[in-house]
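Following: one structure in structure tokens, then a few remarks.
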Amino acid sequence: MIDERIAERRAAVRDDRRRSRLRRTLWAAVLLAVVAGLLALERSALVGLEEVTVGGVERLDPDEVRTAADLELGTSTLRLGLREATERVEDLPLVERAEGRRSDPLTVHLEVVERTPVLTVRGEDVVRYIDREGVVIDEVTEEERDTSTGPEIVLGSEPPAVGERVAEEPALANAHAAWQGLSGPLRAEVVRYRAAGPDELTLELASGIEVRFGRAERIEEKVRALGAVLEDVGDTPIEAIDVRAPRAPVVVAP
């Protein structure tokens, strides 16, 4: 009786092992089938990229954005690498930020926020736009220039290339820093920044008065000195005001 029970137990153990091996084999077969199906789907035309749409562009041509994104039509939408494509779009000088998403299984949408020009820089017959952060974002002809982009900075040399920053040219960097530091009312009165060098900045006001500003430092003191002088002179004709030493401003008569 004992031998029979031992034999039955051993047979049951063998049956359990066979069933366990069978289950593992079936699961492996199912997993392989799923992987094979996913690979086949990933390589099929059913998930091939058919269209790249672009939104948010005004100055940029949508094709420039598509070219920068480098998303090849026909590529599986399961392995597009949208983050890398978005980073490539953000490398465009005119792009402040971008976002890429799948708008449907076969379409990718790239939404772009363009940099806004706030200053024009001119030098050696070249006209370029600068944004608030000091990035040179575009080049235009004199006829294309939009005066609503704000005042202009006049250099004695060619401005930095599109895509570069104002720091590449010390005189331009100084003028940009002065523009950033000026108070709203005074900034609105300045129509031109003449940047002959990093220490030689002159502001031209809408009234025709020149302000010899110098370096973009002690800006608040210089603004207060300029305001006090303008208030004192009233309607008296003057040619220039020198605030490079703000505690002792100088008025230049015509």
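Following the order of the structure tokens, chains are lettered A, B, ..., residues in each are numbered from 1, and ligands are numbered from 1.
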Please identify all polymer residues within 12 Å of stretch 66-70 of chain A, counting only C-alpha atoms, omitting same-chain residues fewer than 5 positions from it, and present them as a PyMOL selection string.
chain A and resi 51-55+57+60-61+75+80-93+95+98-100+108-112
Selection export as a JSON list (two decimals), in the first residue's frame, atoms kept: N, CA and C atoms:
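result_0.json, freshly written:
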```
[["chain", "number", "residue", "atom", "x", "y", "z"],
["A", 51, "GLU", "N", 1.42, 62.73, -42.30],
["A", 51, "GLU", "CA", 1.37, 64.19, -42.39],
["A", 51, "GLU", "C", 1.98, 64.83, -41.15],
["A", 52, "VAL", "N", 2.68, 65.96, -41.35],
["A", 52, "VAL", "CA", 3.20, 66.78, -40.26],
["A", 52, "VAL", "C", 2.58, 68.17, -40.40],
["A", 53, "THR", "N", 1.73, 68.55, -39.46],
["A", 53, "THR", "CA", 1.10, 69.86, -39.51],
["A", 53, "THR", "C", 1.85, 70.81, -38.58],
["A", 54, "VAL", "N", 1.77, 72.10, -38.90],
["A", 54, "VAL", "CA", 2.51, 73.12, -38.14],
["A", 54, "VAL", "C", 1.56, 74.24, -37.77],
["A", 55, "GLY", "N", 1.63, 74.70, -36.53],
["A", 55, "GLY", "CA", 0.80, 75.81, -36.07],
["A", 55, "GLY", "C", 1.63, 76.85, -35.34],
["A", 57, "VAL", "N", 2.93, 79.68, -36.52],
["A", 57, "VAL", "CA", 3.97, 80.40, -37.26],
["A", 57, "VAL", "C", 3.39, 81.62, -37.96],
["A", 60, "LEU", "N", 7.88, 82.50, -39.73],
["A", 60, "LEU", "CA", 8.47, 81.28, -40.25],
["A", 60, "LEU", "C", 7.60, 80.64, -41.32],
["A", 61, "ASP", "N", 8.23, 79.99, -42.28],
["A", 61, "ASP", "CA", 7.53, 79.17, -43.26],
["A", 61, "ASP", "C", 7.32, 77.79, -42.63],
["A", 75, "THR", "N", 7.69, 56.89, -41.74],
["A", 75, "THR", "CA", 8.28, 56.35, -40.52],
["A", 75, "THR", "C", 7.17, 55.94, -39.55],
["A", 80, "LEU", "N", 8.90, 57.61, -33.50],
["A", 80, "LEU", "CA", 9.21, 58.88, -34.16],
["A", 80, "LEU", "C", 10.31, 59.68, -33.46],
["A", 81, "GLY", "N", 10.37, 59.62, -32.15],
["A", 81, "GLY", "CA", 11.31, 60.46, -31.42],
["A", 81, "GLY", "C", 10.88, 61.92, -31.42],
["A", 82, "LEU", "N", 9.68, 62.18, -30.90],
["A", 82, "LEU", "CA", 9.13, 63.54, -30.94],
["A", 82, "LEU", "C", 9.95, 64.53, -30.11],
["A", 83, "ARG", "N", 10.52, 64.08, -29.01],
["A", 83, "ARG", "CA", 11.30, 65.00, -28.19],
["A", 83, "ARG", "C", 12.50, 65.52, -28.97],
["A", 84, "GLU", "N", 13.20, 64.63, -29.64],
["A", 84, "GLU", "CA", 14.36, 65.05, -30.43],
["A", 84, "GLU", "C", 13.94, 65.98, -31.57],
["A", 85, "ALA", "N", 12.80, 65.66, -32.21],
["A", 85, "ALA", "CA", 12.30, 66.50, -33.30],
["A", 85, "ALA", "C", 11.96, 67.90, -32.79],
["A", 86, "THR", "N", 11.34, 67.97, -31.61],
["A", 86, "THR", "CA", 10.99, 69.27, -31.03],
["A", 86, "THR", "C", 12.24, 70.08, -30.70],
["A", 87, "GLU", "N", 13.26, 69.42, -30.18],
["A", 87, "GLU", "CA", 14.51, 70.11, -29.87],
["A", 87, "GLU", "C", 15.16, 70.66, -31.13],
["A", 88, "ARG", "N", 15.05, 69.92, -32.23],
["A", 88, "ARG", "CA", 15.61, 70.42, -33.49],
["A", 88, "ARG", "C", 14.87, 71.67, -33.97],
["A", 89, "VAL", "N", 13.56, 71.68, -33.78],
["A", 89, "VAL", "CA", 12.76, 72.86, -34.16],
["A", 89, "VAL", "C", 13.15, 74.05, -33.29],
["A", 90, "GLU", "N", 13.38, 73.82, -32.00],
["A", 90, "GLU", "CA", 13.74, 74.91, -31.09],
["A", 90, "GLU", "C", 15.12, 75.47, -31.37],
["A", 91, "ASP", "N", 15.92, 74.77, -32.17],
["A", 91, "ASP", "CA", 17.22, 75.30, -32.57],
["A", 91, "ASP", "C", 17.09, 76.40, -33.63],
["A", 92, "LEU", "N", 15.92, 76.54, -34.25],
["A", 92, "LEU", "CA", 15.72, 77.61, -35.23],
["A", 92, "LEU", "C", 15.76, 78.96, -34.50],
["A", 93, "PRO", "N", 16.49, 79.95, -35.03],
["A", 93, "PRO", "CA", 16.62, 81.23, -34.34],
["A", 93, "PRO", "C", 15.30, 81.91, -34.02],
["A", 95, "VAL", "N", 12.50, 80.52, -33.23],
["A", 95, "VAL", "CA", 11.62, 79.72, -32.37],
["A", 95, "VAL", "C", 12.01, 79.89, -30.90],
["A", 98, "ALA", "N", 8.78, 75.02, -28.73],
["A", 98, "ALA", "CA", 7.94, 74.22, -29.62],
["A", 98, "ALA", "C", 7.44, 72.99, -28.87],
["A", 99, "GLU", "N", 6.33, 72.46, -29.36],
["A", 99, "GLU", "CA", 5.74, 71.25, -28.76],
["A", 99, "GLU", "C", 5.28, 70.34, -29.89],
["A", 100, "GLY", "N", 5.61, 69.07, -29.78],
["A", 100, "GLY", "CA", 5.18, 68.09, -30.78],
["A", 100, "GLY", "C", 4.26, 67.06, -30.15],
["A", 108, "VAL", "N", 1.36, 64.02, -37.03],
["A", 108, "VAL", "CA", 2.06, 64.72, -35.95],
["A", 108, "VAL", "C", 1.83, 66.22, -36.12],
["A", 109, "HIS", "N", 1.53, 66.90, -35.02],
["A", 109, "HIS", "CA", 1.35, 68.36, -35.06],
["A", 109, "HIS", "C", 2.48, 69.02, -34.28],
["A", 110, "LEU", "N", 3.12, 70.02, -34.91],
["A", 110, "LEU", "CA", 4.17, 70.80, -34.27],
["A", 110, "LEU", "C", 3.64, 72.21, -34.00],
["A", 111, "GLU", "N", 3.52, 72.56, -32.73],
["A", 111, "GLU", "CA", 3.04, 73.90, -32.36],
["A", 111, "GLU", "C", 4.24, 74.74, -31.96],
["A", 112, "VAL", "N", 4.38, 75.91, -32.59],
["A", 112, "VAL", "CA", 5.56, 76.75, -32.42],
["A", 112, "VAL", "C", 5.18, 78.08, -31.79]]
```
Any idea what's packed within 9 Å of A:Ala240, counting only C-alpha atoms, ignoring anything in its chain fewer than 2 positions away? Could you give it as a VMD selection string?
chain A and resid 208 to 212 238 242 250 to 254
Would you save the residues from that selection as a PDB file, in the first residue's frame, using C-alpha atoms?
```pdb
ATOM      1  CA  GLY A 208      15.355 115.454 -30.971  1.00  0.00           C
ATOM      2  CA  ILE A 209      17.450 115.732 -27.814  1.00  0.00           C
ATOM      3  CA  GLU A 210      20.510 113.492 -27.590  1.00  0.00           C
ATOM      4  CA  VAL A 211      21.329 111.821 -24.279  1.00  0.00           C
ATOM      5  CA  ARG A 212      24.957 110.839 -23.789  1.00  0.00           C
ATOM      6  CA  ILE A 238      18.740 122.173 -25.830  1.00  0.00           C
ATOM      7  CA  ASP A 242      25.174 114.243 -20.687  1.00  0.00           C
ATOM      8  CA  VAL A 250      25.643 118.482 -18.256  1.00  0.00           C
ATOM      9  CA  VAL A 251      23.279 120.341 -20.594  1.00  0.00           C
ATOM     10  CA  VAL A 252      24.532 121.233 -24.066  1.00  0.00           C
ATOM     11  CA  ALA A 253      22.830 124.235 -25.677  1.00  0.00           C
ATOM     12  CA  PRO A 254      22.354 124.532 -29.475  1.00  0.00           C
TER      13      PRO A 254
END
```
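With atom CA of A:Pro185 on one side and atom CA of A:Leu230 on the other, the separation reads 13.2 Å.
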Write out as number ranges by chain each polymer residue whose atoms come within 10 Å of A:Glu58, counting only C-alpha atoms; drop sequence neighbours fewer than 4 positions from it.
A: 62, 112-114
Those of stretch 6-241 of chain A in DSSP helix (DSSP H, G or I), formatted as an NGL selection string
:A and (6-42 or 45-47 or 62-69 or 77-79 or 82-90 or 147-149 or 166-168 or 170-181 or 184-189 or 219-233)
Write a file of the selected residues as an mmCIF file, in the first residue's frame, keeping C-alpha atoms.
```
data_model
loop_
_atom_site.group_PDB
_atom_site.id
_atom_site.type_symbol
_atom_site.label_atom_id
_atom_site.label_comp_id
_atom_site.auth_asym_id
_atom_site.auth_seq_id
_atom_site.Cartn_x
_atom_site.Cartn_y
_atom_site.Cartn_z
ATOM 1 C CA ILE A 6 4.465 6.633 -3.376
ATOM 2 C CA ALA A 7 3.992 5.704 -7.021
ATOM 3 C CA GLU A 8 0.778 7.687 -7.238
ATOM 4 C CA ARG A 9 2.493 10.705 -5.637
ATOM 5 C CA ARG A 10 5.382 10.509 -8.050
ATOM 6 C CA ALA A 11 2.982 10.275 -11.008
ATOM 7 C CA ALA A 12 1.094 13.345 -9.751
ATOM 8 C CA VAL A 13 4.355 15.286 -9.441
ATOM 9 C CA ARG A 14 5.297 14.317 -12.998
ATOM 10 C CA ASP A 15 1.870 15.416 -14.238
ATOM 11 C CA ASP A 16 2.230 18.774 -12.441
ATOM 12 C CA ARG A 17 5.632 19.279 -14.021
ATOM 13 C CA ARG A 18 4.290 18.484 -17.485
ATOM 14 C CA ARG A 19 1.396 20.885 -17.040
ATOM 15 C CA SER A 20 3.778 23.596 -15.765
ATOM 16 C CA ARG A 21 6.074 23.127 -18.774
ATOM 17 C CA LEU A 22 3.077 23.232 -21.076
ATOM 18 C CA ARG A 23 1.843 26.479 -19.521
ATOM 19 C CA ARG A 24 5.301 28.061 -19.859
ATOM 20 C CA THR A 25 5.500 26.932 -23.458
ATOM 21 C CA LEU A 26 2.074 28.345 -24.231
ATOM 22 C CA TRP A 27 2.910 31.690 -22.553
ATOM 23 C CA ALA A 28 6.191 31.895 -24.460
ATOM 24 C CA ALA A 29 4.344 31.170 -27.705
ATOM 25 C CA VAL A 30 1.762 33.862 -26.935
ATOM 26 C CA LEU A 31 4.498 36.369 -26.056
ATOM 27 C CA LEU A 32 6.390 35.600 -29.249
ATOM 28 C CA ALA A 33 3.192 36.001 -31.244
ATOM 29 C CA VAL A 34 2.477 39.377 -29.609
ATOM 30 C CA VAL A 35 6.046 40.591 -30.246
ATOM 31 C CA ALA A 36 5.893 39.393 -33.832
ATOM 32 C CA GLY A 37 2.546 41.127 -34.282
ATOM 33 C CA LEU A 38 3.870 44.390 -32.829
ATOM 34 C CA LEU A 39 6.944 44.229 -35.054
ATOM 35 C CA ALA A 40 4.784 43.591 -38.070
ATOM 36 C CA LEU A 41 2.466 46.457 -37.107
ATOM 37 C CA GLU A 42 5.395 48.788 -36.418
ATOM 38 C CA ALA A 45 1.867 51.167 -43.529
ATOM 39 C CA LEU A 46 -0.961 51.133 -40.988
ATOM 40 C CA VAL A 47 1.114 53.268 -38.577
ATOM 41 C CA PRO A 62 5.868 75.914 -42.086
ATOM 42 C CA ASP A 63 8.202 73.999 -44.399
ATOM 43 C CA GLU A 64 11.189 75.385 -42.458
ATOM 44 C CA VAL A 65 9.718 73.843 -39.311
ATOM 45 C CA ARG A 66 9.085 70.508 -41.029
ATOM 46 C CA THR A 67 12.598 70.451 -42.410
ATOM 47 C CA ALA A 68 14.093 71.208 -38.992
ATOM 48 C CA ALA A 69 11.962 68.524 -37.312
ATOM 49 C CA THR A 77 4.586 56.705 -35.521
ATOM 50 C CA LEU A 78 5.525 54.226 -32.790
ATOM 51 C CA ARG A 79 9.205 55.265 -33.014
ATOM 52 C CA LEU A 82 9.132 63.537 -30.943
ATOM 53 C CA ARG A 83 11.295 64.998 -28.188
ATOM 54 C CA GLU A 84 14.364 65.054 -30.430
ATOM 55 C CA ALA A 85 12.301 66.504 -33.302
ATOM 56 C CA THR A 86 10.986 69.270 -31.028
ATOM 57 C CA GLU A 87 14.509 70.113 -29.867
ATOM 58 C CA ARG A 88 15.614 70.424 -33.488
ATOM 59 C CA VAL A 89 12.764 72.857 -34.158
ATOM 60 C CA GLU A 90 13.737 74.908 -31.088
ATOM 61 C CA THR A 147 8.734 100.097 -37.586
ATOM 62 C CA SER A 148 6.427 98.563 -34.979
ATOM 63 C CA THR A 149 9.324 96.335 -33.898
ATOM 64 C CA VAL A 166 24.012 90.462 -28.563
ATOM 65 C CA ALA A 167 26.945 89.469 -26.339
ATOM 66 C CA GLU A 168 28.908 88.748 -29.525
ATOM 67 C CA PRO A 170 30.055 94.522 -26.826
ATOM 68 C CA ALA A 171 28.621 97.791 -28.136
ATOM 69 C CA LEU A 172 25.359 96.066 -29.015
ATOM 70 C CA ALA A 173 25.274 94.244 -25.686
ATOM 71 C CA ASN A 174 25.656 97.574 -23.863
ATOM 72 C CA ALA A 175 22.837 99.171 -25.866
ATOM 73 C CA HIS A 176 20.566 96.174 -25.263
ATOM 74 C CA ALA A 177 21.292 96.293 -21.526
ATOM 75 C CA ALA A 178 20.423 99.998 -21.464
ATOM 76 C CA TRP A 179 17.162 99.315 -23.280
ATOM 77 C CA GLN A 180 16.289 96.634 -20.728
ATOM 78 C CA GLY A 181 17.088 98.926 -17.807
ATOM 79 C CA GLY A 184 8.768 102.453 -19.417
ATOM 80 C CA PRO A 185 8.058 106.156 -20.112
ATOM 81 C CA LEU A 186 11.682 106.978 -20.984
ATOM 82 C CA ARG A 187 12.089 103.819 -23.050
ATOM 83 C CA ALA A 188 9.061 104.865 -25.098
ATOM 84 C CA GLU A 189 10.717 108.262 -25.804
ATOM 85 C CA ILE A 219 20.862 103.241 -14.932
ATOM 86 C CA GLU A 220 18.366 104.338 -12.262
ATOM 87 C CA GLU A 221 20.598 107.274 -11.281
ATOM 88 C CA LYS A 222 20.985 108.313 -14.919
ATOM 89 C CA VAL A 223 17.245 108.117 -15.521
ATOM 90 C CA ARG A 224 16.553 110.262 -12.444
ATOM 91 C CA ALA A 225 19.182 112.787 -13.534
ATOM 92 C CA LEU A 226 17.748 112.956 -17.028
ATOM 93 C CA GLY A 227 14.220 113.408 -15.704
ATOM 94 C CA ALA A 228 15.327 116.214 -13.396
ATOM 95 C CA VAL A 229 17.152 118.037 -16.212
ATOM 96 C CA LEU A 230 14.214 117.736 -18.608
ATOM 97 C CA GLU A 231 11.899 119.110 -15.952
ATOM 98 C CA ASP A 232 14.235 122.031 -15.222
ATOM 99 C CA VAL A 233 14.776 123.082 -18.846
#
```
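For the pair atom CA of A:Glu144 and atom CA of A:Ala161, the separation is 17.8 Å.
With distances taken over only C-alpha atoms, A:Arg194 is the one residue among A:Glu72, A:Leu94, A:Val135, A:Arg194 lying closest to A:Arg122.
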Two-atom distance - atom CA of A:Leu203, atom CA of A:Glu152 (Å)
10.3 Å
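Shortest atom-to-atom contact with A:Arg97 among A:Asp146, A:Gly56, A:Val121, A:Tyr193: A:Gly56, counting only C-alpha atoms.
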DSSP on the backbone, strand (DSSP E) only: what residues of stretch 147-246 of chain A does that give? Format it as JSON, numbers by chain.
{"A": [152, 153, 154, 155, 190, 191, 192, 193, 194, 195, 196, 197, 200, 201, 202, 203, 204, 205, 210, 211, 212, 240, 241, 242]}
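Using only C-alpha atoms, the residues found no farther than 8 Å from A:Val190, other than those of its own chain fewer than 5 positions away, are Pro151, Leu203, Glu204, Leu205 and Ala206 of chain A.
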